[in-house]
$ cat data03.cif   # mmCIF, C-alpha atoms and all ligand atoms
data_upload
loop_
_atom_site.label_atom_id
_atom_site.label_comp_id
_atom_site.auth_asym_id
_atom_site.auth_seq_id
_atom_site.Cartn_x
_atom_site.Cartn_y
_atom_site.Cartn_z
CA MET A 1318 13.16 47.88 -14.45
CA LEU A 1319 13.88 44.54 -12.91
CA ASN A 1320 16.28 42.16 -14.56
CA LYS A 1321 14.98 39.28 -12.50
CA LYS A 1322 11.24 39.80 -12.68
CA ASN A 1323 9.44 36.50 -12.09
CA LEU A 1324 9.65 36.08 -8.35
CA ILE A 1325 8.48 33.93 -5.48
CA PHE A 1326 8.29 35.35 -1.96
CA LEU A 1327 8.79 32.65 0.62
CA GLY A 1328 8.37 33.06 4.36
CA GLY A 1329 6.17 32.25 7.31
CA PRO A 1330 2.79 33.84 7.86
CA GLY A 1331 3.34 37.49 8.74
CA ALA A 1332 6.96 37.43 7.52
CA GLY A 1333 6.15 40.47 5.37
CA LYS A 1334 5.45 38.87 1.97
CA GLY A 1335 2.35 41.00 1.37
CA THR A 1336 3.89 44.24 2.64
CA VAL A 1337 7.12 43.83 0.64
CA SER A 1338 5.11 42.75 -2.43
CA ASN A 1339 3.02 45.94 -2.25
CA ALA A 1340 6.19 48.06 -2.13
CA MET A 1341 7.78 46.20 -5.05
CA ILE A 1342 4.62 46.52 -7.16
CA ALA A 1343 4.43 50.27 -6.53
CA LYS A 1344 8.09 50.57 -7.57
CA TYR A 1345 8.30 48.19 -10.55
CA GLY A 1346 4.73 47.64 -11.78
CA VAL A 1347 4.99 43.85 -11.64
CA ALA A 1348 1.84 41.78 -11.03
CA HIS A 1349 0.93 40.63 -7.52
CA ILE A 1350 -0.37 37.07 -7.20
CA SER A 1351 -1.38 36.40 -3.61
CA THR A 1352 -3.16 33.07 -3.25
CA GLY A 1353 -4.41 34.21 0.18
CA ASP A 1354 -6.06 37.27 -1.44
CA ILE A 1355 -7.50 35.19 -4.29
CA LEU A 1356 -8.91 32.67 -1.80
CA ARG A 1357 -10.35 35.38 0.46
CA ALA A 1358 -12.10 36.90 -2.59
CA GLU A 1359 -13.64 33.46 -3.34
CA VAL A 1360 -14.76 33.16 0.29
CA ALA A 1361 -16.36 36.64 0.15
CA LYS A 1362 -18.18 35.75 -3.10
CA GLY A 1363 -19.48 32.55 -1.49
CA THR A 1364 -18.49 30.35 -4.46
CA PRO A 1365 -18.31 26.55 -3.91
CA ALA A 1366 -14.49 26.78 -3.89
CA GLY A 1367 -14.76 29.65 -1.43
CA LYS A 1368 -16.95 27.63 0.91
CA GLU A 1369 -14.52 24.72 0.90
CA ALA A 1370 -11.49 26.99 1.35
CA GLY A 1371 -13.05 29.21 4.02
CA ALA A 1372 -13.38 26.48 6.63
CA ILE A 1373 -9.81 25.26 6.07
CA MET A 1374 -8.37 28.78 6.23
CA LYS A 1375 -10.14 29.46 9.51
CA SER A 1376 -8.42 26.44 11.03
CA GLY A 1377 -5.01 27.53 9.72
CA GLY A 1378 -4.56 24.53 7.39
CA LEU A 1379 -3.71 24.52 3.68
CA VAL A 1380 -6.41 24.34 1.02
CA PRO A 1381 -5.96 21.49 -1.51
CA ASP A 1382 -3.03 21.83 -3.92
CA ALA A 1383 -5.27 21.27 -6.95
CA MET A 1384 -7.47 24.24 -6.04
CA VAL A 1385 -4.66 26.79 -5.57
CA CYS A 1386 -2.65 25.48 -8.53
CA GLY A 1387 -5.70 25.90 -10.79
CA MET A 1388 -6.19 29.46 -9.58
CA VAL A 1389 -2.53 30.39 -10.06
CA GLY A 1390 -2.43 28.79 -13.53
CA GLU A 1391 -5.37 30.99 -14.63
CA ARG A 1392 -3.95 34.12 -13.02
CA LEU A 1393 -0.55 33.69 -14.72
CA LYS A 1394 -2.27 33.87 -18.12
CA GLU A 1395 -3.42 37.44 -17.50
CA PRO A 1396 -1.56 40.08 -19.54
CA ASP A 1397 -0.26 42.06 -16.55
CA CYS A 1398 2.07 39.13 -15.74
CA GLU A 1399 4.13 39.90 -18.85
CA LYS A 1400 6.02 42.62 -16.97
CA GLY A 1401 6.91 40.13 -14.27
CA PHE A 1402 5.08 38.80 -11.22
CA ILE A 1403 5.43 38.18 -7.53
CA LEU A 1404 3.99 34.92 -6.24
CA ASP A 1405 3.07 35.69 -2.63
CA GLY A 1406 2.09 32.69 -0.52
CA PHE A 1407 2.49 30.21 -3.38
CA PRO A 1408 3.95 27.60 -3.67
CA ARG A 1409 3.51 26.38 -0.10
CA THR A 1410 4.24 22.68 -0.66
CA ILE A 1411 6.75 20.74 -2.78
CA ALA A 1412 3.83 19.41 -4.85
CA GLN A 1413 2.74 22.99 -5.61
CA ALA A 1414 6.31 23.93 -6.57
CA GLU A 1415 6.46 21.03 -9.01
CA THR A 1416 3.11 21.93 -10.56
CA LEU A 1417 4.22 25.55 -10.86
CA ALA A 1418 7.37 24.50 -12.74
CA THR A 1419 5.21 22.52 -15.19
CA ILE A 1420 2.76 25.42 -15.68
CA LEU A 1421 5.57 27.91 -16.34
CA ASP A 1422 7.37 25.51 -18.62
CA GLY A 1423 4.22 25.22 -20.73
CA MET A 1424 4.18 29.02 -21.03
CA GLY A 1425 7.87 29.30 -21.91
CA LYS A 1426 8.54 31.10 -18.63
CA LYS A 1427 10.60 30.45 -15.51
CA ILE A 1428 11.16 31.69 -11.98
CA ASP A 1429 14.15 34.07 -11.81
CA ALA A 1430 14.55 34.25 -8.03
CA VAL A 1431 13.00 33.06 -4.78
CA ILE A 1432 13.18 35.63 -1.98
CA TYR A 1433 13.14 34.17 1.52
CA LEU A 1434 11.99 36.53 4.26
CA ASN A 1435 13.43 34.96 7.38
CA VAL A 1436 11.63 36.12 10.53
CA SER A 1437 11.66 34.41 13.94
CA ASP A 1438 8.53 32.67 15.26
CA GLU A 1439 8.41 35.05 18.19
CA ILE A 1440 8.25 38.15 15.98
CA ILE A 1441 5.78 36.43 13.64
CA LEU A 1442 3.30 35.84 16.47
CA GLN A 1443 3.68 39.42 17.70
CA ARG A 1444 3.11 40.72 14.18
CA LEU A 1445 0.18 38.52 13.20
CA THR A 1446 -1.94 39.22 16.24
CA ALA A 1447 -1.48 43.01 15.75
CA ARG A 1448 -1.99 43.00 11.96
CA MET A 1449 -4.77 45.13 10.45
CA ASN A 1450 -5.94 45.00 6.82
CA CYS A 1451 -7.83 47.59 4.77
CA ARG A 1452 -11.33 46.77 3.50
CA GLY A 1453 -10.95 49.14 0.55
CA CYS A 1454 -7.44 48.53 -0.82
CA ASP A 1455 -4.52 46.11 -0.32
CA ALA A 1456 -2.83 48.16 2.42
CA ILE A 1457 -1.53 46.26 5.45
CA TYR A 1458 -0.85 47.87 8.85
CA ASN A 1459 0.27 46.73 12.26
CA LYS A 1460 -1.06 48.22 15.49
CA ILE A 1461 2.41 48.08 17.08
CA PHE A 1462 5.02 48.15 14.31
CA MET A 1463 3.31 50.07 11.48
CA PRO A 1464 0.24 51.89 12.79
CA PRO A 1465 -2.02 54.01 10.55
CA LYS A 1466 -2.10 57.78 11.24
CA VAL A 1467 -5.69 57.52 12.52
CA GLU A 1468 -6.58 54.37 14.47
CA GLY A 1469 -8.73 51.94 12.47
CA ILE A 1470 -8.63 54.01 9.25
CA CYS A 1471 -6.52 53.41 6.10
CA ASP A 1472 -4.00 56.22 5.35
CA LYS A 1473 -4.23 55.51 1.64
CA CYS A 1474 -7.97 55.29 0.95
CA GLY A 1475 -9.82 56.20 4.16
CA SER A 1476 -11.57 52.82 4.45
CA GLU A 1477 -12.08 50.91 7.69
CA LEU A 1478 -9.36 48.50 8.87
CA PHE A 1479 -10.17 44.99 10.10
CA GLN A 1480 -8.40 41.98 11.60
CA ARG A 1481 -8.32 38.79 9.51
CA ALA A 1482 -10.27 35.88 11.01
CA ASP A 1483 -7.11 33.72 10.94
CA ASP A 1484 -4.95 36.28 12.79
CA SER A 1485 -6.15 35.19 16.25
CA LEU A 1486 -3.33 33.84 18.46
CA GLU A 1487 -4.63 30.27 18.29
CA THR A 1488 -4.92 30.13 14.48
CA ALA A 1489 -1.66 32.02 14.04
CA LYS A 1490 0.12 29.27 16.02
CA SER A 1491 -1.41 26.58 13.80
CA ARG A 1492 -0.37 28.46 10.64
CA LEU A 1493 3.16 28.71 11.95
CA ALA A 1494 3.26 24.95 12.61
CA VAL A 1495 1.94 24.29 9.08
CA PHE A 1496 4.65 26.57 7.68
CA HIS A 1497 7.43 24.66 9.43
CA LYS A 1498 6.10 21.28 8.35
CA GLN A 1499 4.89 21.88 4.79
CA THR A 1500 6.50 25.05 3.44
CA GLN A 1501 9.96 25.16 5.04
CA PRO A 1502 11.19 22.24 2.85
CA LEU A 1503 10.84 24.65 -0.11
CA ILE A 1504 13.81 26.65 1.21
CA ASP A 1505 16.10 23.67 0.55
CA TYR A 1506 14.30 22.85 -2.68
CA TYR A 1507 14.96 26.31 -4.19
CA GLU A 1508 18.44 26.53 -2.66
CA LYS A 1509 19.39 23.38 -4.57
CA LEU A 1510 18.02 24.93 -7.77
CA GLY A 1511 20.30 27.94 -7.15
CA LEU A 1512 17.34 30.32 -6.98
CA LEU A 1513 17.18 31.16 -3.28
CA TYR A 1514 18.08 34.58 -1.93
CA SER A 1515 17.75 34.94 1.82
CA CYS A 1516 16.98 38.52 2.87
CA LYS A 1517 19.31 39.91 5.51
CA SER A 1518 17.15 42.80 6.72
CA THR A 1519 13.76 42.80 8.41
CA GLU A 1520 12.94 46.53 7.89
CA LEU A 1521 10.73 47.26 4.86
CA ASP A 1522 12.88 50.07 3.39
CA GLU A 1523 16.07 48.05 3.83
CA ILE A 1524 14.51 44.97 2.20
CA VAL A 1525 13.36 46.99 -0.82
CA ALA A 1526 16.85 48.54 -1.18
CA GLU A 1527 18.50 45.12 -0.82
CA LEU A 1528 16.19 43.58 -3.44
CA ALA A 1529 16.85 46.45 -5.84
CA LYS A 1530 20.54 45.49 -5.77
CA VAL A 1531 19.95 41.77 -6.12
CA LEU A 1532 17.23 41.85 -8.78
CA GLU A 1533 17.91 44.91 -10.95
P1 LIG B 1 -0.14 34.24 5.49
O1 LIG B 1 1.01 34.17 4.55
O2 LIG B 1 -0.15 35.45 6.36
O3 LIG B 1 -0.36 32.97 6.26
P2 LIG B 1 -2.04 34.11 3.26
O4 LIG B 1 -2.96 35.24 3.00
O5 LIG B 1 -0.93 33.86 2.32
O6 LIG B 1 -1.49 34.38 4.73
O7 LIG B 1 -2.86 32.74 3.43
C1 LIG B 1 -3.99 32.63 4.26
C2 LIG B 1 -4.52 31.20 4.21
O8 LIG B 1 -4.95 30.88 2.87
C3 LIG B 1 -3.52 30.10 4.55
O9 LIG B 1 -3.43 29.90 5.95
C4 LIG B 1 -4.12 28.89 3.80
O10 LIG B 1 -5.21 28.34 4.49
C5 LIG B 1 -4.65 29.52 2.53
N1 LIG B 1 -3.63 29.52 1.45
C6 LIG B 1 -3.02 30.60 0.88
N2 LIG B 1 -2.14 30.22 -0.06
C7 LIG B 1 -2.17 28.87 -0.10
C8 LIG B 1 -1.46 27.88 -0.85
N3 LIG B 1 -0.52 28.21 -1.76
N4 LIG B 1 -1.76 26.57 -0.61
C9 LIG B 1 -2.68 26.21 0.28
N5 LIG B 1 -3.37 27.09 1.05
C10 LIG B 1 -3.13 28.41 0.86
ZN ZN B 2 -7.06 51.36 2.00
#
$ encode --input "data03.cif" --output "structure tokens" --more "lines below"
Ligand code: ADP
Ligand code: ZN
Amino acid sequence: MLNKKNLIFLGGPGAGKGTVSNAMIAKYGVAHISTGDILRAEVAKGTPAGKEAGAIMKSGGLVPDAMVCGMVGERLKEPDCEKGFILDGFPRTIAQAETLATILDGMGKKIDAVIYLNVSDEIILQRLTARMNCRGCDAIYNKIFMPPKVEGICDKCGSELFQRADDSLETAKSRLAVFHKQTQPLIDYYEKLGLLYSCKSTELDEIVAELAKVLE
């Protein structure tokens, strides 16, 4: 069981938020709220929101605050969030952080800790352009750092792996620039609130062990 169970994972694109989230969910059964995953599902369904978001995501920019905040507000009401939740990729702007605080306040909840995964730009670009995602489940691989047993096939469910449209070198560079400009100020913001924990390790197993100590 986690003592601190309502969490935000903060970090650049490809810092490992999704991979560490998956490991924490398997271990603790907390809910995973990835705004990137929610948005990609909207894009795949071809909803009006999905159409608007899709074009922005392809360019590496941020979709409007109101859209993601609405989606997160709805998702937080679902019963699986009672056990705790990981917000992965949200908030990404100060405005989103402020809206989140209001939403949680209205529900009588609060954020217990903000985990910052600090990874250099150089490693981020290497990781993003080699990242592979599963079509069938949430598994994330990396051709160089975390390859599947059989090339192009998910170890967990046997489905085909694919590269995200925004993981090209050009878009990855834009996403990194957007992170530095819009999301990095949140590090200071949560530090001042006394909620920030900066992860020392960059290896998955070490991060999970470190978080167990800090959050349990
Ligand atoms: P990563 O963390 O690897 O950049 P995500 O899957 O979290 O990837 O996000 C992919 C894209 O979805 C972002 O580049 C952005 O366009 C959009 N997105 C995701 N979360 C948010 C958010 N909280 N606010 C605005 N846009 C978002
Ligand atoms: Zn899979």
$ residues_around --input "data03.cif" --residues "region 1380-1382 of chain A" --least-positions-apart "4" --cutoff "9 Å" --atoms "only C-alpha atoms" --output "list of chain:residue names"
A:Glu1369, A:Ala1370, A:Gly1371, A:Ile1373, A:Met1374, A:Cys1386, A:Gly1387, A:Arg1409, A:Thr1410, A:Ala1412, A:Gln1413
$ residues_around --input "data03.cif" --residues "Ala1482 (chain A)" --least-positions-apart "2" --cutoff "12 Å" --atoms "all atoms listed in the file" --output "list in words"
Arg1357, Val1360, Gly1371, Ala1372, Ile1373, Met1374, Lys1375, Ser1376, Gly1377, Leu1445, Thr1446, Arg1448, Met1449, Asn1450, Phe1479, Gln1480, Asp1484, Ser1485, Leu1486, Glu1487, Thr1488 and Ala1489 of chain A
$ closest_residue --input "data03.cif" --among "A:Val1431, A:Met1463, A:Val1531, A:Ala1414" --to "Leu1512 (chain A)" --atoms "all atoms listed in the file"
A:Val1431
$ atom_distance --input "data03.cif" --atom1 "CA of Leu1421 (chain A)" --atom2 "atom O1 of ligand LIG 1 (chain B)"
22.3 Å
$ closest_atom_pairs --input "data03.cif" --of "chain A" --to "ligand LIG 1 (chain B)" --cutoff "7 Å" --atoms "all atoms listed in the file" --output "JSON lines"
{"residue": "A:Gly1329", "atom": "CA", "partner": "B:LIG1", "partner_atom": "O1", "distance": 6.2}
{"residue": "A:Pro1330", "atom": "CA", "partner": "B:LIG1", "partner_atom": "O3", "distance": 3.6}
{"residue": "A:Gly1331", "atom": "CA", "partner": "B:LIG1", "partner_atom": "O2", "distance": 4.7}
{"residue": "A:Lys1334", "atom": "CA", "partner": "B:LIG1", "partner_atom": "O1", "distance": 7.0}
{"residue": "A:Ser1351", "atom": "CA", "partner": "B:LIG1", "partner_atom": "O5", "distance": 6.5}
{"residue": "A:Thr1352", "atom": "CA", "partner": "B:LIG1", "partner_atom": "N2", "distance": 4.4}
{"residue": "A:Gly1353", "atom": "CA", "partner": "B:LIG1", "partner_atom": "O4", "distance": 3.3}
{"residue": "A:Asp1354", "atom": "CA", "partner": "B:LIG1", "partner_atom": "O4", "distance": 5.8}
{"residue": "A:Leu1356", "atom": "CA", "partner": "B:LIG1", "partner_atom": "O8", "distance": 6.4}
{"residue": "A:Ile1373", "atom": "CA", "partner": "B:LIG1", "partner_atom": "O10", "distance": 5.8}
{"residue": "A:Met1374", "atom": "CA", "partner": "B:LIG1", "partner_atom": "O10", "distance": 3.6}
{"residue": "A:Gly1377", "atom": "CA", "partner": "B:LIG1", "partner_atom": "O9", "distance": 4.7}
{"residue": "A:Gly1378", "atom": "CA", "partner": "B:LIG1", "partner_atom": "O10", "distance": 4.8}
{"residue": "A:Leu1379", "atom": "CA", "partner": "B:LIG1", "partner_atom": "N5", "distance": 3.7}
{"residue": "A:Val1380", "atom": "CA", "partner": "B:LIG1", "partner_atom": "N5", "distance": 4.1}
{"residue": "A:Pro1381", "atom": "CA", "partner": "B:LIG1", "partner_atom": "C9", "distance": 6.0}
{"residue": "A:Asp1382", "atom": "CA", "partner": "B:LIG1", "partner_atom": "N4", "distance": 5.9}
{"residue": "A:Val1385", "atom": "CA", "partner": "B:LIG1", "partner_atom": "N4", "distance": 5.7}
{"residue": "A:Asp1405", "atom": "CA", "partner": "B:LIG1", "partner_atom": "O5", "distance": 6.6}
{"residue": "A:Gly1406", "atom": "CA", "partner": "B:LIG1", "partner_atom": "O5", "distance": 4.3}
{"residue": "A:Phe1407", "atom": "CA", "partner": "B:LIG1", "partner_atom": "N3", "distance": 4.0}
{"residue": "A:Pro1408", "atom": "CA", "partner": "B:LIG1", "partner_atom": "N3", "distance": 4.9}
{"residue": "A:Arg1409", "atom": "CA", "partner": "B:LIG1", "partner_atom": "N3", "distance": 4.7}
{"residue": "A:Arg1492", "atom": "CA", "partner": "B:LIG1", "partner_atom": "O9", "distance": 5.8}
$ residues_near_ligand --input "data03.cif" --ligand "ligand ZN 2 (chain B)" --cutoff "10 Å" --atoms "only C-alpha atoms and all ligand atoms" --output "PDB file with C-alpha atoms, keeping the file's coordinate frame"
ATOM      1  CA  ASN A1450      -5.940  45.000   6.820  1.00  0.00           C
ATOM      2  CA  CYS A1451      -7.830  47.590   4.770  1.00  0.00           C
ATOM      3  CA  ARG A1452     -11.330  46.770   3.500  1.00  0.00           C
ATOM      4  CA  GLY A1453     -10.950  49.140   0.550  1.00  0.00           C
ATOM      5  CA  CYS A1454      -7.440  48.530  -0.820  1.00  0.00           C
ATOM      6  CA  ASP A1455      -4.520  46.110  -0.320  1.00  0.00           C
ATOM      7  CA  ALA A1456      -2.830  48.160   2.420  1.00  0.00           C
ATOM      8  CA  ILE A1457      -1.530  46.260   5.450  1.00  0.00           C
ATOM      9  CA  TYR A1458      -0.850  47.870   8.850  1.00  0.00           C
ATOM     10  CA  ILE A1470      -8.630  54.010   9.250  1.00  0.00           C
ATOM     11  CA  CYS A1471      -6.520  53.410   6.100  1.00  0.00           C
ATOM     12  CA  ASP A1472      -4.000  56.220   5.350  1.00  0.00           C
ATOM     13  CA  LYS A1473      -4.230  55.510   1.640  1.00  0.00           C
ATOM     14  CA  CYS A1474      -7.970  55.290   0.950  1.00  0.00           C
ATOM     15  CA  GLY A1475      -9.820  56.200   4.160  1.00  0.00           C
ATOM     16  CA  SER A1476     -11.570  52.820   4.450  1.00  0.00           C
ATOM     17  CA  GLU A1477     -12.080  50.910   7.690  1.00  0.00           C
ATOM     18  CA  LEU A1478      -9.360  48.500   8.870  1.00  0.00           C
TER      19      LEU A1478
END
$ residues_near_point --input "data03.cif" --point "(-6.6, 36.3, -9.6)" --cutoff "7 Å" --atoms "all atoms listed in the file" --output "ChimeraX atom specification"
/A:1350,1355,1388,1392
$ residues_around --input "data03.cif" --residues "Met1341 (chain A)" --least-positions-apart "6" --cutoff "9 Å" --atoms "only C-alpha atoms" --output "PDB file with C-alpha atoms, in the coordinates of the input"
ATOM      1  CA  VAL A1347       4.990  43.850 -11.640  1.00  0.00           C
ATOM      2  CA  ILE A1403       5.430  38.180  -7.530  1.00  0.00           C
ATOM      3  CA  VAL A1525      13.360  46.990  -0.820  1.00  0.00           C
ATOM      4  CA  LEU A1528      16.190  43.580  -3.440  1.00  0.00           C
TER       5      LEU A1528
END
$ closest_residue --input "data03.cif" --among "A:Leu1442, A:Met1384, A:Ile1432, A:Ala1340" --to "Thr1416 (chain A)" --atoms "all atoms listed in the file"
A:Met1384
$ atom_distance --input "data03.cif" --atom1 "CA of Ile1441 (chain A)" --atom2 "CA of Pro1465 (chain A)"
19.5 Å
$ atom_distance --input "data03.cif" --atom1 "CA of Leu1324 (chain A)" --atom2 "CA of Ile1428 (chain A)"
5.9 Å
$ closest_residue --input "data03.cif" --among "A:His1497, A:Lys1368, A:Lys1394, A:Lys1460" --to "Ser1437 (chain A)" --atoms "only C-alpha atoms"
A:His1497
$ decode --input "data03.cif" --residues "region 1399-1416 of chain A" --atoms "N, CA, C and O atoms" --output "PDB file, in the first residue's frame"
ATOM      1  N   GLU A1399     -10.120   6.030  -6.408  1.00  0.00           N
ATOM      2  CA  GLU A1399     -10.201   6.016  -4.937  1.00  0.00           C
ATOM      3  C   GLU A1399      -8.933   5.454  -4.297  1.00  0.00           C
ATOM      4  O   GLU A1399      -8.509   5.895  -3.234  1.00  0.00           O
ATOM      5  N   LYS A1400      -8.363   4.451  -4.952  1.00  0.00           N
ATOM      6  CA  LYS A1400      -7.153   3.801  -4.423  1.00  0.00           C
ATOM      7  C   LYS A1400      -5.909   4.667  -4.576  1.00  0.00           C
ATOM      8  O   LYS A1400      -4.827   4.306  -4.125  1.00  0.00           O
ATOM      9  N   GLY A1401      -6.059   5.758  -5.288  1.00  0.00           N
ATOM     10  CA  GLY A1401      -4.919   6.611  -5.607  1.00  0.00           C
ATOM     11  C   GLY A1401      -4.777   6.698  -7.116  1.00  0.00           C
ATOM     12  O   GLY A1401      -5.384   5.897  -7.841  1.00  0.00           O
ATOM     13  N   PHE A1402      -4.020   7.687  -7.582  1.00  0.00           N
ATOM     14  CA  PHE A1402      -3.873   7.854  -9.032  1.00  0.00           C
ATOM     15  C   PHE A1402      -2.524   8.463  -9.365  1.00  0.00           C
ATOM     16  O   PHE A1402      -1.909   9.146  -8.544  1.00  0.00           O
ATOM     17  N   ILE A1403      -2.079   8.171 -10.581  1.00  0.00           N
ATOM     18  CA  ILE A1403      -0.883   8.818 -11.113  1.00  0.00           C
ATOM     19  C   ILE A1403      -1.313   9.687 -12.281  1.00  0.00           C
ATOM     20  O   ILE A1403      -1.887   9.190 -13.253  1.00  0.00           O
ATOM     21  N   LEU A1404      -1.069  10.977 -12.172  1.00  0.00           N
ATOM     22  CA  LEU A1404      -1.290  11.885 -13.295  1.00  0.00           C
ATOM     23  C   LEU A1404      -0.003  11.915 -14.101  1.00  0.00           C
ATOM     24  O   LEU A1404       1.044  12.332 -13.599  1.00  0.00           O
ATOM     25  N   ASP A1405      -0.086  11.422 -15.337  1.00  0.00           N
ATOM     26  CA  ASP A1405       1.093  11.268 -16.191  1.00  0.00           C
ATOM     27  C   ASP A1405       0.940  12.211 -17.379  1.00  0.00           C
ATOM     28  O   ASP A1405       0.068  12.016 -18.219  1.00  0.00           O
ATOM     29  N   GLY A1406       1.745  13.262 -17.399  1.00  0.00           N
ATOM     30  CA  GLY A1406       1.654  14.222 -18.509  1.00  0.00           C
ATOM     31  C   GLY A1406       0.664  15.345 -18.241  1.00  0.00           C
ATOM     32  O   GLY A1406       0.337  16.116 -19.123  1.00  0.00           O
ATOM     33  N   PHE A1407       0.188  15.437 -17.037  1.00  0.00           N
ATOM     34  CA  PHE A1407      -0.740  16.497 -16.614  1.00  0.00           C
ATOM     35  C   PHE A1407      -0.480  16.796 -15.146  1.00  0.00           C
ATOM     36  O   PHE A1407      -0.345  15.850 -14.373  1.00  0.00           O
ATOM     37  N   PRO A1408      -0.449  18.050 -14.713  1.00  0.00           N
ATOM     38  CA  PRO A1408      -0.514  19.281 -15.503  1.00  0.00           C
ATOM     39  C   PRO A1408       0.781  19.544 -16.274  1.00  0.00           C
ATOM     40  O   PRO A1408       1.844  19.052 -15.905  1.00  0.00           O
ATOM     41  N   ARG A1409       0.655  20.333 -17.337  1.00  0.00           N
ATOM     42  CA  ARG A1409       1.798  20.695 -18.169  1.00  0.00           C
ATOM     43  C   ARG A1409       1.989  22.205 -18.223  1.00  0.00           C
ATOM     44  O   ARG A1409       2.942  22.683 -18.836  1.00  0.00           O
ATOM     45  N   THR A1410       1.070  22.950 -17.626  1.00  0.00           N
ATOM     46  CA  THR A1410       1.194  24.413 -17.548  1.00  0.00           C
ATOM     47  C   THR A1410       0.760  24.833 -16.141  1.00  0.00           C
ATOM     48  O   THR A1410       0.049  24.087 -15.462  1.00  0.00           O
ATOM     49  N   ILE A1411       1.173  26.044 -15.740  1.00  0.00           N
ATOM     50  CA  ILE A1411       0.749  26.555 -14.431  1.00  0.00           C
ATOM     51  C   ILE A1411      -0.777  26.658 -14.378  1.00  0.00           C
ATOM     52  O   ILE A1411      -1.394  26.305 -13.374  1.00  0.00           O
ATOM     53  N   ALA A1412      -1.382  27.097 -15.489  1.00  0.00           N
ATOM     54  CA  ALA A1412      -2.853  27.218 -15.515  1.00  0.00           C
ATOM     55  C   ALA A1412      -3.500  25.860 -15.256  1.00  0.00           C
ATOM     56  O   ALA A1412      -4.483  25.758 -14.513  1.00  0.00           O
ATOM     57  N   GLN A1413      -2.955  24.800 -15.847  1.00  0.00           N
ATOM     58  CA  GLN A1413      -3.513  23.459 -15.614  1.00  0.00           C
ATOM     59  C   GLN A1413      -3.337  23.050 -14.153  1.00  0.00           C
ATOM     60  O   GLN A1413      -4.224  22.426 -13.561  1.00  0.00           O
ATOM     61  N   ALA A1414      -2.196  23.399 -13.566  1.00  0.00           N
ATOM     62  CA  ALA A1414      -1.950  23.045 -12.160  1.00  0.00           C
ATOM     63  C   ALA A1414      -2.968  23.744 -11.250  1.00  0.00           C
ATOM     64  O   ALA A1414      -3.466  23.149 -10.285  1.00  0.00           O
ATOM     65  N   GLU A1415      -3.272  24.991 -11.576  1.00  0.00           N
ATOM     66  CA  GLU A1415      -4.232  25.729 -10.758  1.00  0.00           C
ATOM     67  C   GLU A1415      -5.635  25.145 -10.895  1.00  0.00           C
ATOM     68  O   GLU A1415      -6.361  24.997  -9.911  1.00  0.00           O
ATOM     69  N   THR A1416      -6.010  24.794 -12.127  1.00  0.00           N
ATOM     70  CA  THR A1416      -7.324  24.171 -12.327  1.00  0.00           C
ATOM     71  C   THR A1416      -7.392  22.828 -11.599  1.00  0.00           C
ATOM     72  O   THR A1416      -8.404  22.500 -10.976  1.00  0.00           O
TER      73      THR A1416
END
